[in-house]
Amino acid sequence: MSRIIARVNPVIFKTQAIHVKASPEVLCYTPVGNPLGFAEMQDLRQPVSVDDPESFELTVANMGVSVDLSLTWQERDFRVLIRQDRTEQEDNVLKLISGYVPAHELRVPLLTVMTEIAEELLLESNRGWLQGRYMETWLPTPYSATLPLSKRHSYQLTSHHAAEHPVLCRELHLIERPRAYVHLPTNSLQLVYSMQLQLPDNCPGLTMLHADEHMDTEKNQLLVEMNYQRPEIFLAEMLDGAATGKLFSLEQGELVPRRPKNIWLSEALAPQTGWVIEEPRSQWPEGLTRL
């Protein structure tokens with residue numbers, strides 16, 4: 001059974017279109033135009049094309065961020081994925097933790113990454129819920145009113161590896177050097193940050209859950225729920241950099257095998273040419289080797 005962990009008034013989302021200038025050595029982006037609401041942004045997310053995937057200039061609808069989150073548990077390596085039913089695309093994908101970047105964070109998209117991790121990744125121990133920390137900065141605790149935090153344990157996020165080519169917002173290099181691509185089917189710029197999740201030692205009964213949002217239209221409230229019976233967050237096992245094809249959930253400190261049906265991977269794991277990804281999704285599990 002699902003449990004509601006937060007009821008919040010829907011925040012009025014605003015973002016901006018993004019002007020992208022790409023060369024073989026660097027991608028530079030600049031927020032442009034008037035603020036866009038969510039519906040206005042979605043209207044702009046129509047398929048586009050470029051002549052040269054390594055060198056082009058265009059204005060895209062929005063910018064999104066994802067985090068390629070690695071984890072070592074019981075001396076085995078994993079990638080953290082979330083299941084998403086996409087009604088518009090009529091498919092079921094495993095995706096990275098991700099989100100749209102609001103206007104006030106377009107110049108520092110790493111802030112959006114931290115917020116998305118804090119909102120989507122829930123870690124429960126026998127002594128309470130774990131708060132995260134990136135370097136010396138504590139992540140937000142959006143559900144602390146209903147999910148009491150552990151006073152003894154927390155998890156740590158560190159940068160895992162940097163992309164080969166830099167990404168700039170105007171003249172400023174983005175820290176942690178994310179991988180960037182323009183997704184042609186959705187006319188969007190996407191940044192993928194590579195991070196390592198370090199769990200605390202001697203933390204009994206650790207369970208990993210996903211917080212899911214949906215709108216209660218009658219009360220005009222955004223409901224945030226989690227479900228112990230349907231975790232919706234998976235650990236994809238990796239061995240020597242290759243996916244084994246095995247998926248697990250982490251429940252009470254134990255790895256529980258999972259076998260979801262008809263699974264694809266999201267486009268962040270599809271083949272990339274230059275700065276461009278053309279596919280709407282990626283094959284499971286081959287796409288994991290591209291991270």
# chains A, B, ... in the order shown; residues from 1 in each chain; ligands from 1
$ select_by_dssp --residues "segment 37-242 of chain A" --states "alpha helix (DSSP H)" --output "list in words"
Phe38, Ala39, Glu40, Met41, Gln42, Asp43, Leu44, Leu110, Leu111, Thr112, Val113, Met114, Thr115, Glu116, Ile117, Ala118, Glu119 and Glu120 of chain A
$ write_last_selection --atoms "N, CA and C atoms" --output "short mmCIF file (atom, residue, chain, number, x, y, z; two decimals), in the first residue's frame"
data_model
loop_
_atom_site.label_atom_id
_atom_site.label_comp_id
_atom_site.auth_asym_id
_atom_site.auth_seq_id
_atom_site.Cartn_x
_atom_site.Cartn_y
_atom_site.Cartn_z
N PHE A 38 5.06 25.51 -17.70
CA PHE A 38 5.25 24.11 -18.09
C PHE A 38 4.56 23.80 -19.41
N ALA A 39 3.33 24.26 -19.58
CA ALA A 39 2.60 23.97 -20.82
C ALA A 39 3.27 24.64 -22.02
N GLU A 40 3.75 25.86 -21.83
CA GLU A 40 4.43 26.56 -22.91
C GLU A 40 5.71 25.83 -23.31
N MET A 41 6.44 25.34 -22.30
CA MET A 41 7.65 24.57 -22.58
C MET A 41 7.32 23.31 -23.36
N GLN A 42 6.29 22.59 -22.93
CA GLN A 42 5.91 21.35 -23.62
C GLN A 42 5.52 21.61 -25.07
N ASP A 43 4.89 22.73 -25.34
CA ASP A 43 4.50 23.05 -26.72
C ASP A 43 5.72 23.20 -27.62
N LEU A 44 6.85 23.61 -27.05
CA LEU A 44 8.07 23.80 -27.83
C LEU A 44 8.87 22.51 -28.01
N LEU A 110 23.60 22.05 -11.29
CA LEU A 110 23.93 21.08 -10.24
C LEU A 110 22.99 21.22 -9.05
N LEU A 111 22.46 22.41 -8.81
CA LEU A 111 21.49 22.60 -7.73
C LEU A 111 20.23 21.79 -7.98
N THR A 112 19.79 21.73 -9.23
CA THR A 112 18.62 20.93 -9.58
C THR A 112 18.90 19.45 -9.34
N VAL A 113 20.11 19.01 -9.67
CA VAL A 113 20.49 17.61 -9.42
C VAL A 113 20.35 17.28 -7.94
N MET A 114 20.87 18.14 -7.07
CA MET A 114 20.80 17.88 -5.63
C MET A 114 19.35 17.81 -5.15
N THR A 115 18.51 18.71 -5.68
CA THR A 115 17.10 18.70 -5.29
C THR A 115 16.40 17.43 -5.76
N GLU A 116 16.67 17.01 -7.00
CA GLU A 116 16.03 15.81 -7.53
C GLU A 116 16.43 14.57 -6.74
N ILE A 117 17.70 14.45 -6.37
CA ILE A 117 18.14 13.31 -5.56
C ILE A 117 17.43 13.31 -4.22
N ALA A 118 17.37 14.47 -3.57
CA ALA A 118 16.72 14.57 -2.26
C ALA A 118 15.24 14.24 -2.33
N GLU A 119 14.59 14.61 -3.45
CA GLU A 119 13.15 14.39 -3.57
C GLU A 119 12.79 12.99 -4.04
N GLU A 120 13.65 12.36 -4.83
CA GLU A 120 13.28 11.08 -5.45
C GLU A 120 13.88 9.86 -4.75
#
$ residues_around --residues "Thr244 of chain A" --least-positions-apart "2" --cutoff "12 Å" --atoms "only C-alpha atoms" --output "ChimeraX atom specification"
/A:76-79,235-242,246-248,284-289
$ write_last_selection --atoms "N, CA and C atoms" --output "PDB file, in the first residue's frame"
ATOM      1  N   ARG A  76      29.559  -5.447  -4.564  1.00  0.00           N
ATOM      2  CA  ARG A  76      29.032  -5.547  -5.925  1.00  0.00           C
ATOM      3  C   ARG A  76      28.664  -4.140  -6.397  1.00  0.00           C
ATOM      4  N   ASP A  77      28.827  -3.908  -7.710  1.00  0.00           N
ATOM      5  CA  ASP A  77      28.613  -2.579  -8.284  1.00  0.00           C
ATOM      6  C   ASP A  77      27.249  -2.492  -8.956  1.00  0.00           C
ATOM      7  N   PHE A  78      26.605  -1.331  -8.789  1.00  0.00           N
ATOM      8  CA  PHE A  78      25.258  -1.134  -9.317  1.00  0.00           C
ATOM      9  C   PHE A  78      25.108   0.274  -9.879  1.00  0.00           C
ATOM     10  N   ARG A  79      24.083   0.438 -10.742  1.00  0.00           N
ATOM     11  CA  ARG A  79      23.594   1.742 -11.187  1.00  0.00           C
ATOM     12  C   ARG A  79      22.164   1.894 -10.679  1.00  0.00           C
ATOM     13  N   LEU A 235      18.346  -1.396  -8.637  1.00  0.00           N
ATOM     14  CA  LEU A 235      19.799  -1.437  -8.737  1.00  0.00           C
ATOM     15  C   LEU A 235      20.146  -2.379  -9.880  1.00  0.00           C
ATOM     16  N   ALA A 236      20.751  -1.829 -10.937  1.00  0.00           N
ATOM     17  CA  ALA A 236      21.183  -2.632 -12.075  1.00  0.00           C
ATOM     18  C   ALA A 236      22.623  -3.066 -11.836  1.00  0.00           C
ATOM     19  N   GLU A 237      22.844  -4.378 -11.776  1.00  0.00           N
ATOM     20  CA  GLU A 237      24.177  -4.883 -11.448  1.00  0.00           C
ATOM     21  C   GLU A 237      25.138  -4.686 -12.618  1.00  0.00           C
ATOM     22  N   MET A 238      26.356  -4.244 -12.287  1.00  0.00           N
ATOM     23  CA  MET A 238      27.420  -4.052 -13.264  1.00  0.00           C
ATOM     24  C   MET A 238      28.605  -4.923 -12.863  1.00  0.00           C
ATOM     25  N   LEU A 239      29.258  -5.516 -13.847  1.00  0.00           N
ATOM     26  CA  LEU A 239      30.439  -6.349 -13.598  1.00  0.00           C
ATOM     27  C   LEU A 239      31.493  -5.997 -14.635  1.00  0.00           C
ATOM     28  N   ASP A 240      32.600  -5.446 -14.171  1.00  0.00           N
ATOM     29  CA  ASP A 240      33.684  -5.013 -15.064  1.00  0.00           C
ATOM     30  C   ASP A 240      33.177  -4.048 -16.138  1.00  0.00           C
ATOM     31  N   GLY A 241      32.289  -3.152 -15.732  1.00  0.00           N
ATOM     32  CA  GLY A 241      31.782  -2.129 -16.635  1.00  0.00           C
ATOM     33  C   GLY A 241      30.653  -2.546 -17.538  1.00  0.00           C
ATOM     34  N   ALA A 242      30.237  -3.802 -17.471  1.00  0.00           N
ATOM     35  CA  ALA A 242      29.149  -4.298 -18.319  1.00  0.00           C
ATOM     36  C   ALA A 242      27.958  -4.706 -17.453  1.00  0.00           C
ATOM     37  N   LYS A 246      20.840  -8.147 -14.494  1.00  0.00           N
ATOM     38  CA  LYS A 246      20.097  -8.427 -13.266  1.00  0.00           C
ATOM     39  C   LYS A 246      19.701  -7.125 -12.576  1.00  0.00           C
ATOM     40  N   LEU A 247      18.467  -7.107 -12.079  1.00  0.00           N
ATOM     41  CA  LEU A 247      17.930  -5.964 -11.358  1.00  0.00           C
ATOM     42  C   LEU A 247      17.537  -6.383  -9.947  1.00  0.00           C
ATOM     43  N   PHE A 248      17.732  -5.468  -8.999  1.00  0.00           N
ATOM     44  CA  PHE A 248      17.404  -5.747  -7.603  1.00  0.00           C
ATOM     45  C   PHE A 248      16.752  -4.525  -6.981  1.00  0.00           C
ATOM     46  N   TRP A 284      17.407  -2.430 -23.360  1.00  0.00           N
ATOM     47  CA  TRP A 284      17.842  -2.990 -22.084  1.00  0.00           C
ATOM     48  C   TRP A 284      18.514  -4.339 -22.360  1.00  0.00           C
ATOM     49  N   PRO A 285      19.668  -4.633 -21.720  1.00  0.00           N
ATOM     50  CA  PRO A 285      20.452  -3.782 -20.806  1.00  0.00           C
ATOM     51  C   PRO A 285      21.638  -3.115 -21.488  1.00  0.00           C
ATOM     52  N   GLU A 286      21.753  -3.225 -22.823  1.00  0.00           N
ATOM     53  CA  GLU A 286      22.949  -2.743 -23.515  1.00  0.00           C
ATOM     54  C   GLU A 286      23.255  -1.265 -23.237  1.00  0.00           C
ATOM     55  N   GLY A 287      22.224  -0.479 -23.078  1.00  0.00           N
ATOM     56  CA  GLY A 287      22.439   0.955 -22.886  1.00  0.00           C
ATOM     57  C   GLY A 287      23.260   1.305 -21.664  1.00  0.00           C
ATOM     58  N   LEU A 288      23.261   0.434 -20.659  1.00  0.00           N
ATOM     59  CA  LEU A 288      23.998   0.741 -19.438  1.00  0.00           C
ATOM     60  C   LEU A 288      25.503   0.838 -19.690  1.00  0.00           C
ATOM     61  N   THR A 289      26.001   0.195 -20.712  1.00  0.00           N
ATOM     62  CA  THR A 289      27.443   0.250 -20.991  1.00  0.00           C
ATOM     63  C   THR A 289      27.845   1.603 -21.550  1.00  0.00           C
TER      64      THR A 289
END
$ closest_residue --among "A:Leu149, A:Val60, A:Ile97, A:His104" --to "Val48 of chain A" --atoms "only C-alpha atoms"
A:Val60
$ residues_around --residues "Ile233 of chain A" --least-positions-apart "4" --cutoff "6 Å" --atoms "only C-alpha atoms" --output "list in words"
Leu81, Ile82 and His210 of chain A
$ closest_residue --among "A:Gln221, A:Ser159, A:Ser49, A:Thr137" --to "Ile175 of chain A" --atoms "only C-alpha atoms"
A:Ser159
$ closest_residue --among "A:Val80, A:Ala162, A:Ile277, A:Ala180" --to "Leu209 of chain A" --atoms "only C-alpha atoms"
A:Val80
$ residues_around --residues "segment 126-134 of chain A" --least-positions-apart "6" --cutoff "10 Å" --atoms "only C-alpha atoms" --output "JSON, numbers by chain"
{"A": [114, 117, 118, 140, 141, 143, 144, 147, 148, 149, 150, 151, 152, 153, 154, 155, 156, 157, 158, 159, 195, 197, 198, 199, 200, 203, 204, 205, 206, 207, 252, 253]}
$ atom_distance --atom1 "atom CA of Ala145 of chain A" --atom2 "atom CA of Ile4 of chain A"
11.9 Å
$ closest_residue --among "A:Met215, A:Leu223, A:Leu27, A:Ala61" --to "Val276 of chain A" --atoms "only C-alpha atoms"
A:Leu27
$ select_by_dssp --residues "segment 42-96 of chain A" --states "strand (DSSP E or B)" --output "ChimeraX atom specification"
/A:56-60,62-73,76-86,91-95
$ write_last_selection --atoms "C-alpha atoms" --output "PDB file, in the first residue's frame"
ATOM      1  CA  PHE A  56      25.483  23.337 -34.881  1.00  0.00           C
ATOM      2  CA  GLU A  57      23.537  26.231 -33.423  1.00  0.00           C
ATOM      3  CA  LEU A  58      19.866  26.170 -32.427  1.00  0.00           C
ATOM      4  CA  THR A  59      17.406  27.170 -29.725  1.00  0.00           C
ATOM      5  CA  VAL A  60      15.833  24.304 -27.761  1.00  0.00           C
ATOM      6  CA  ASN A  62      14.331  23.569 -22.213  1.00  0.00           C
ATOM      7  CA  MET A  63      17.153  22.039 -20.235  1.00  0.00           C
ATOM      8  CA  GLY A  64      16.924  18.882 -18.139  1.00  0.00           C
ATOM      9  CA  VAL A  65      19.356  17.163 -15.801  1.00  0.00           C
ATOM     10  CA  SER A  66      19.971  13.525 -14.905  1.00  0.00           C
ATOM     11  CA  VAL A  67      22.339  11.809 -12.512  1.00  0.00           C
ATOM     12  CA  ASP A  68      24.202   8.627 -13.387  1.00  0.00           C
ATOM     13  CA  LEU A  69      24.375   7.319  -9.831  1.00  0.00           C
ATOM     14  CA  SER A  70      26.788   4.466  -9.066  1.00  0.00           C
ATOM     15  CA  LEU A  71      26.664   2.404  -5.878  1.00  0.00           C
ATOM     16  CA  THR A  72      28.734  -0.378  -4.339  1.00  0.00           C
ATOM     17  CA  TRP A  73      26.830  -2.713  -2.020  1.00  0.00           C
ATOM     18  CA  ARG A  76      29.032  -5.547  -5.925  1.00  0.00           C
ATOM     19  CA  ASP A  77      28.613  -2.579  -8.284  1.00  0.00           C
ATOM     20  CA  PHE A  78      25.258  -1.134  -9.317  1.00  0.00           C
ATOM     21  CA  ARG A  79      23.594   1.742 -11.187  1.00  0.00           C
ATOM     22  CA  VAL A  80      20.496   3.372  -9.677  1.00  0.00           C
ATOM     23  CA  LEU A  81      17.451   3.434 -11.994  1.00  0.00           C
ATOM     24  CA  ILE A  82      13.805   4.435 -11.623  1.00  0.00           C
ATOM     25  CA  ARG A  83      10.854   2.861 -13.436  1.00  0.00           C
ATOM     26  CA  GLN A  84       8.614   5.258 -15.326  1.00  0.00           C
ATOM     27  CA  ASP A  85       5.410   4.504 -17.229  1.00  0.00           C
ATOM     28  CA  ARG A  86       5.297   6.974 -20.111  1.00  0.00           C
ATOM     29  CA  ASP A  91       6.291   2.519 -23.114  1.00  0.00           C
ATOM     30  CA  ASN A  92       7.800   1.557 -19.778  1.00  0.00           C
ATOM     31  CA  VAL A  93      11.365   2.685 -19.167  1.00  0.00           C
ATOM     32  CA  LEU A  94      14.056   2.577 -16.536  1.00  0.00           C
ATOM     33  CA  LYS A  95      15.533   6.048 -16.284  1.00  0.00           C
TER      34      LYS A  95
END
$ atom_distance --atom1 "atom CA of Gln196 of chain A" --atom2 "atom CA of His161 of chain A"
9.0 Å
$ residues_around --residues "Leu222 of chain A" --least-positions-apart "3" --cutoff "7 Å" --atoms "only C-alpha atoms" --output "ChimeraX atom specification"
/A:7-10,213-216
$ atom_distance --atom1 "atom CA of Ser23 of chain A" --atom2 "atom CA of Glu279 of chain A"
21.3 Å
$ closest_residue --among "A:Ser125, A:Asn220, A:Gln283, A:Gln272" --to "Met208 of chain A" --atoms "only C-alpha atoms"
A:Ser125
$ closest_residue --among "A:Arg170, A:Lys261, A:Arg281, A:His160" --to "Lys21 of chain A" --atoms "only C-alpha atoms"
A:Arg170
$ decode --residues "segment 199-214 of chain A" --atoms "all heavy atoms" --output "PDB file, in the first residue's frame"
ATOM      1  N   LEU A 199      27.136   4.749   0.881  1.00  0.00           N
ATOM      2  CA  LEU A 199      26.252   4.479   2.012  1.00  0.00           C
ATOM      3  C   LEU A 199      27.070   4.288   3.281  1.00  0.00           C
ATOM      4  O   LEU A 199      28.217   3.853   3.229  1.00  0.00           O
ATOM      5  CB  LEU A 199      25.416   3.230   1.722  1.00  0.00           C
ATOM      6  CG  LEU A 199      24.476   3.342   0.517  1.00  0.00           C
ATOM      7  CD1 LEU A 199      23.790   2.016   0.253  1.00  0.00           C
ATOM      8  CD2 LEU A 199      23.453   4.440   0.735  1.00  0.00           C
ATOM      9  N   PRO A 200      26.478   4.600   4.428  1.00  0.00           N
ATOM     10  CA  PRO A 200      27.236   4.489   5.683  1.00  0.00           C
ATOM     11  C   PRO A 200      27.473   3.036   6.081  1.00  0.00           C
ATOM     12  O   PRO A 200      26.682   2.145   5.749  1.00  0.00           O
ATOM     13  CB  PRO A 200      26.341   5.208   6.689  1.00  0.00           C
ATOM     14  CG  PRO A 200      24.958   5.054   6.140  1.00  0.00           C
ATOM     15  CD  PRO A 200      25.114   5.110   4.644  1.00  0.00           C
ATOM     16  N   ASP A 201      28.573   2.802   6.795  1.00  0.00           N
ATOM     17  CA  ASP A 201      28.841   1.480   7.349  1.00  0.00           C
ATOM     18  C   ASP A 201      27.967   1.248   8.582  1.00  0.00           C
ATOM     19  O   ASP A 201      27.517   2.183   9.240  1.00  0.00           O
ATOM     20  CB  ASP A 201      30.321   1.363   7.745  1.00  0.00           C
ATOM     21  CG  ASP A 201      31.252   1.477   6.548  1.00  0.00           C
ATOM     22  OD1 ASP A 201      30.842   1.027   5.463  1.00  0.00           O
ATOM     23  OD2 ASP A 201      32.358   2.022   6.704  1.00  0.00           O
ATOM     24  N   ASN A 202      27.723  -0.017   8.861  1.00  0.00           N
ATOM     25  CA  ASN A 202      26.985  -0.394  10.082  1.00  0.00           C
ATOM     26  C   ASN A 202      25.653   0.347  10.185  1.00  0.00           C
ATOM     27  O   ASN A 202      25.319   0.928  11.234  1.00  0.00           O
ATOM     28  CB  ASN A 202      27.834  -0.130  11.329  1.00  0.00           C
ATOM     29  CG  ASN A 202      29.150  -0.881  11.283  1.00  0.00           C
ATOM     30  OD1 ASN A 202      29.188  -2.049  10.908  1.00  0.00           O
ATOM     31  ND2 ASN A 202      30.229  -0.205  11.658  1.00  0.00           N
ATOM     32  N   CYS A 203      24.918   0.318   9.067  1.00  0.00           N
ATOM     33  CA  CYS A 203      23.601   0.963   9.025  1.00  0.00           C
ATOM     34  C   CYS A 203      22.568  -0.127   8.771  1.00  0.00           C
ATOM     35  O   CYS A 203      22.282  -0.463   7.614  1.00  0.00           O
ATOM     36  CB  CYS A 203      23.584   2.026   7.930  1.00  0.00           C
ATOM     37  SG  CYS A 203      22.061   3.000   7.867  1.00  0.00           S
ATOM     38  N   PRO A 204      21.998  -0.710   9.819  1.00  0.00           N
ATOM     39  CA  PRO A 204      21.144  -1.896   9.648  1.00  0.00           C
ATOM     40  C   PRO A 204      19.801  -1.587   9.003  1.00  0.00           C
ATOM     41  O   PRO A 204      19.249  -0.506   9.145  1.00  0.00           O
ATOM     42  CB  PRO A 204      20.952  -2.388  11.088  1.00  0.00           C
ATOM     43  CG  PRO A 204      21.111  -1.158  11.936  1.00  0.00           C
ATOM     44  CD  PRO A 204      22.137  -0.310  11.239  1.00  0.00           C
ATOM     45  N   GLY A 205      19.311  -2.605   8.279  1.00  0.00           N
ATOM     46  CA  GLY A 205      17.953  -2.543   7.736  1.00  0.00           C
ATOM     47  C   GLY A 205      17.748  -1.517   6.654  1.00  0.00           C
ATOM     48  O   GLY A 205      16.650  -0.959   6.525  1.00  0.00           O
ATOM     49  N   LEU A 206      18.756  -1.266   5.828  1.00  0.00           N
ATOM     50  CA  LEU A 206      18.653  -0.207   4.834  1.00  0.00           C
ATOM     51  C   LEU A 206      17.694  -0.602   3.708  1.00  0.00           C
ATOM     52  O   LEU A 206      17.802  -1.678   3.123  1.00  0.00           O
ATOM     53  CB  LEU A 206      20.032   0.094   4.263  1.00  0.00           C
ATOM     54  CG  LEU A 206      20.216   1.453   3.592  1.00  0.00           C
ATOM     55  CD1 LEU A 206      19.920   2.579   4.578  1.00  0.00           C
ATOM     56  CD2 LEU A 206      21.627   1.586   3.043  1.00  0.00           C
ATOM     57  N   THR A 207      16.758   0.292   3.408  1.00  0.00           N
ATOM     58  CA  THR A 207      15.779   0.102   2.341  1.00  0.00           C
ATOM     59  C   THR A 207      15.802   1.313   1.428  1.00  0.00           C
ATOM     60  O   THR A 207      15.852   2.454   1.905  1.00  0.00           O
ATOM     61  CB  THR A 207      14.366  -0.084   2.919  1.00  0.00           C
ATOM     62  OG1 THR A 207      14.324  -1.288   3.700  1.00  0.00           O
ATOM     63  CG2 THR A 207      13.319  -0.188   1.816  1.00  0.00           C
ATOM     64  N   MET A 208      15.755   1.069   0.122  1.00  0.00           N
ATOM     65  CA  MET A 208      15.770   2.152  -0.867  1.00  0.00           C
ATOM     66  C   MET A 208      14.398   2.241  -1.522  1.00  0.00           C
ATOM     67  O   MET A 208      13.881   1.256  -2.044  1.00  0.00           O
ATOM     68  CB  MET A 208      16.853   1.887  -1.915  1.00  0.00           C
ATOM     69  CG  MET A 208      17.023   2.986  -2.945  1.00  0.00           C
ATOM     70  SD  MET A 208      18.366   2.636  -4.126  1.00  0.00           S
ATOM     71  CE  MET A 208      19.802   2.801  -3.046  1.00  0.00           C
ATOM     72  N   LEU A 209      13.816   3.443  -1.491  1.00  0.00           N
ATOM     73  CA  LEU A 209      12.478   3.670  -2.027  1.00  0.00           C
ATOM     74  C   LEU A 209      12.477   4.895  -2.929  1.00  0.00           C
ATOM     75  O   LEU A 209      13.400   5.719  -2.888  1.00  0.00           O
ATOM     76  CB  LEU A 209      11.471   3.865  -0.890  1.00  0.00           C
ATOM     77  CG  LEU A 209      11.238   2.656   0.027  1.00  0.00           C
ATOM     78  CD1 LEU A 209      10.617   3.092   1.338  1.00  0.00           C
ATOM     79  CD2 LEU A 209      10.351   1.648  -0.672  1.00  0.00           C
ATOM     80  N   HIS A 210      11.413   5.014  -3.707  1.00  0.00           N
ATOM     81  CA  HIS A 210      11.265   6.143  -4.619  1.00  0.00           C
ATOM     82  C   HIS A 210      10.039   6.948  -4.239  1.00  0.00           C
ATOM     83  O   HIS A 210       8.977   6.386  -3.941  1.00  0.00           O
ATOM     84  CB  HIS A 210      11.113   5.636  -6.060  1.00  0.00           C
ATOM     85  CG  HIS A 210      10.849   6.724  -7.049  1.00  0.00           C
ATOM     86  ND1 HIS A 210       9.731   6.751  -7.861  1.00  0.00           N
ATOM     87  CD2 HIS A 210      11.564   7.835  -7.353  1.00  0.00           C
ATOM     88  CE1 HIS A 210       9.779   7.828  -8.616  1.00  0.00           C
ATOM     89  NE2 HIS A 210      10.872   8.505  -8.347  1.00  0.00           N
ATOM     90  N   ALA A 211      10.176   8.270  -4.213  1.00  0.00           N
ATOM     91  CA  ALA A 211       9.040   9.157  -3.977  1.00  0.00           C
ATOM     92  C   ALA A 211       8.437   9.562  -5.311  1.00  0.00           C
ATOM     93  O   ALA A 211       9.140  10.067  -6.191  1.00  0.00           O
ATOM     94  CB  ALA A 211       9.486  10.389  -3.197  1.00  0.00           C
ATOM     95  N   ASP A 212       7.148   9.338  -5.468  1.00  0.00           N
ATOM     96  CA  ASP A 212       6.462   9.611  -6.728  1.00  0.00           C
ATOM     97  C   ASP A 212       5.420  10.701  -6.505  1.00  0.00           C
ATOM     98  O   ASP A 212       4.753  10.743  -5.463  1.00  0.00           O
ATOM     99  CB  ASP A 212       5.786   8.339  -7.247  1.00  0.00           C
ATOM    100  CG  ASP A 212       5.305   8.484  -8.674  1.00  0.00           C
ATOM    101  OD1 ASP A 212       5.887   9.307  -9.399  1.00  0.00           O
ATOM    102  OD2 ASP A 212       4.356   7.784  -9.051  1.00  0.00           O
ATOM    103  N   GLU A 213       5.279  11.589  -7.500  1.00  0.00           N
ATOM    104  CA  GLU A 213       4.345  12.701  -7.389  1.00  0.00           C
ATOM    105  C   GLU A 213       3.165  12.532  -8.321  1.00  0.00           C
ATOM    106  O   GLU A 213       3.311  12.028  -9.440  1.00  0.00           O
ATOM    107  CB  GLU A 213       5.039  14.027  -7.733  1.00  0.00           C
ATOM    108  CG  GLU A 213       6.175  14.421  -6.812  1.00  0.00           C
ATOM    109  CD  GLU A 213       6.819  15.724  -7.243  1.00  0.00           C
ATOM    110  OE1 GLU A 213       6.560  16.157  -8.397  1.00  0.00           O
ATOM    111  OE2 GLU A 213       7.569  16.302  -6.458  1.00  0.00           O
ATOM    112  N   HIS A 214       1.997  12.947  -7.870  1.00  0.00           N
ATOM    113  CA  HIS A 214       0.861  13.094  -8.778  1.00  0.00           C
ATOM    114  C   HIS A 214      -0.084  14.153  -8.231  1.00  0.00           C
ATOM    115  O   HIS A 214      -0.076  14.453  -7.032  1.00  0.00           O
ATOM    116  CB  HIS A 214       0.121  11.760  -8.996  1.00  0.00           C
ATOM    117  CG  HIS A 214      -0.650  11.283  -7.817  1.00  0.00           C
ATOM    118  ND1 HIS A 214      -0.105  10.504  -6.826  1.00  0.00           N
ATOM    119  CD2 HIS A 214      -1.951  11.485  -7.455  1.00  0.00           C
ATOM    120  CE1 HIS A 214      -1.016  10.234  -5.907  1.00  0.00           C
ATOM    121  NE2 HIS A 214      -2.137  10.819  -6.270  1.00  0.00           N
TER     122      HIS A 214
END
